[in-house]
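*Asks:* Okay, handing you the structure first.
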Amino acid sequence: MNPITVNGTAIPSPDMPFKWSLNDISSEDSGRDLNGLMDKDEVAKKVTLDCTWSHRTASEISLLLNTVKPDTFVEVSYPDPMAGEYVTKTFYTGDVSCEMDVSDNGGMFWSSKLTFIER
């Protein structure tokens, strides 16, 4: 079972564990006053998914990149620990990096990292 689909396409399973985080988005009016008390005007909560794919074939990494990067925003279905089930949300991705490694027998393998950031 693939833990993540993008626009309905199953992408290669990322290395486990992949990291889920919930981020508070605060307005410019948030901050500490002169007494050191925090005033927080929270405007939203957004999810990020940090994913890594290690030692993958060129075709696996190509499928991943060609599924994720052509569009600015993508629909991602993933297991959400807060919801306790699979959810689908709209994300964009930050910069993507890939590293190539060559095995002793000449095989070429790729590793990649990317972060899905909720819109």
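Numbering starts fresh at 1 for the residues of each chain in the structure tokens, the chains themselves are lettered A, B, ... in the order given, and ligands are numbered from 1 as they appear.
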Mind checking which residues fall within 6 Å of segment 84-94 of chain A, counting only C-alpha atoms, ignoring those fewer than 6 positions away in the same chain, and posting them as a PyMOL selection string?

*Replies:* chain A and resi 72-78+115-119

*Asks:* Give the strand (DSSP E or B) residues of segment 19-113 of chain A, as DSSP finds them on the backbone, and put them as number ranges by chain.

*Replies:* A: 19-26, 31-32, 38-39, 42-56, 74-80, 85-93, 97-102, 108-113

*Asks:* Rank nothing, just name the residue among A:Leu34, A:Leu49, A:Ala10, A:Met108 nearest to Pro81 of chain A, using only C-alpha atoms.

*Replies:*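 Among the listed residues, the smallest separation from Pro81 of chain A belongs to A:Leu49.
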
*Asks:* Give me the residues within 8 Å of Asp24 of chain A as a list in words, counting only C-alpha atoms and dropping any in the same chain fewer than 3 places off.

*Replies:* Glu42, Val43, Ala44, Lys45 and Lys46 of chain A

*Asks:* Output all heavy atoms for every residue in that selection, as a PDB file, in the first residue's frame.

*Replies:*
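Okay, this is what ended up in again-v7.pdb:
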```
ATOM      1  N   GLU A  42      -3.713  33.769  15.899  1.00  0.00           N
ATOM      2  CA  GLU A  42      -3.559  32.635  14.980  1.00  0.00           C
ATOM      3  C   GLU A  42      -4.610  32.725  13.880  1.00  0.00           C
ATOM      4  O   GLU A  42      -5.796  32.820  14.153  1.00  0.00           O
ATOM      5  CB  GLU A  42      -3.720  31.332  15.760  1.00  0.00           C
ATOM      6  CG  GLU A  42      -3.439  30.105  14.948  1.00  0.00           C
ATOM      7  CD  GLU A  42      -3.550  28.861  15.796  1.00  0.00           C
ATOM      8  OE1 GLU A  42      -2.719  28.682  16.706  1.00  0.00           O
ATOM      9  OE2 GLU A  42      -4.490  28.079  15.547  1.00  0.00           O
ATOM     10  N   VAL A  43      -4.137  32.702  12.632  1.00  0.00           N
ATOM     11  CA  VAL A  43      -5.057  32.821  11.503  1.00  0.00           C
ATOM     12  C   VAL A  43      -5.306  31.487  10.804  1.00  0.00           C
ATOM     13  O   VAL A  43      -6.299  31.347  10.092  1.00  0.00           O
ATOM     14  CB  VAL A  43      -4.570  33.883  10.485  1.00  0.00           C
ATOM     15  CG1 VAL A  43      -4.563  35.266  11.126  1.00  0.00           C
ATOM     16  CG2 VAL A  43      -3.202  33.539   9.937  1.00  0.00           C
ATOM     17  N   ALA A  44      -4.428  30.519  10.989  1.00  0.00           N
ATOM     18  CA  ALA A  44      -4.616  29.215  10.344  1.00  0.00           C
ATOM     19  C   ALA A  44      -3.657  28.189  10.934  1.00  0.00           C
ATOM     20  O   ALA A  44      -2.680  28.540  11.600  1.00  0.00           O
ATOM     21  CB  ALA A  44      -4.378  29.323   8.841  1.00  0.00           C
ATOM     22  N   LYS A  45      -3.952  26.931  10.672  1.00  0.00           N
ATOM     23  CA  LYS A  45      -3.050  25.807  10.957  1.00  0.00           C
ATOM     24  C   LYS A  45      -2.841  25.087   9.636  1.00  0.00           C
ATOM     25  O   LYS A  45      -3.809  24.815   8.927  1.00  0.00           O
ATOM     26  CB  LYS A  45      -3.646  24.862  11.991  1.00  0.00           C
ATOM     27  CG  LYS A  45      -3.743  25.449  13.383  1.00  0.00           C
ATOM     28  CD  LYS A  45      -4.218  24.397  14.371  1.00  0.00           C
ATOM     29  CE  LYS A  45      -4.340  24.929  15.765  1.00  0.00           C
ATOM     30  NZ  LYS A  45      -3.075  25.252  16.403  1.00  0.00           N
ATOM     31  N   LYS A  46      -1.600  24.770   9.307  1.00  0.00           N
ATOM     32  CA  LYS A  46      -1.276  24.115   8.036  1.00  0.00           C
ATOM     33  C   LYS A  46      -0.357  22.928   8.280  1.00  0.00           C
ATOM     34  O   LYS A  46       0.509  22.945   9.152  1.00  0.00           O
ATOM     35  CB  LYS A  46      -0.595  25.095   7.071  1.00  0.00           C
ATOM     36  CG  LYS A  46      -1.456  26.292   6.703  1.00  0.00           C
ATOM     37  CD  LYS A  46      -2.668  25.885   5.907  1.00  0.00           C
ATOM     38  CE  LYS A  46      -3.545  27.074   5.552  1.00  0.00           C
ATOM     39  NZ  LYS A  46      -4.676  26.714   4.727  1.00  0.00           N
TER      40      LYS A  46
END
```

*Asks:* If I take atom CA of Leu114 of chain A and atom CA of Val96 of chain A, how far is one from the other in Å, to one decimal?

*Replies:* 5.1 Å

*Asks:* Suppose you want the space between atom CA of Val102 of chain A and atom CA of Ile11 of chain A; what is it in Å?

*Replies:*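 The value is 23.0 Å.
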
*Asks:* Kindly indicate which residue among A:Lys40, A:Trp20, A:Gly8, A:Pro14 lies nearest to Met82 of chain A, using only C-alpha atoms for the distances.

*Replies:*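 Among the listed residues, the smallest separation from Met82 of chain A belongs to A:Trp20.
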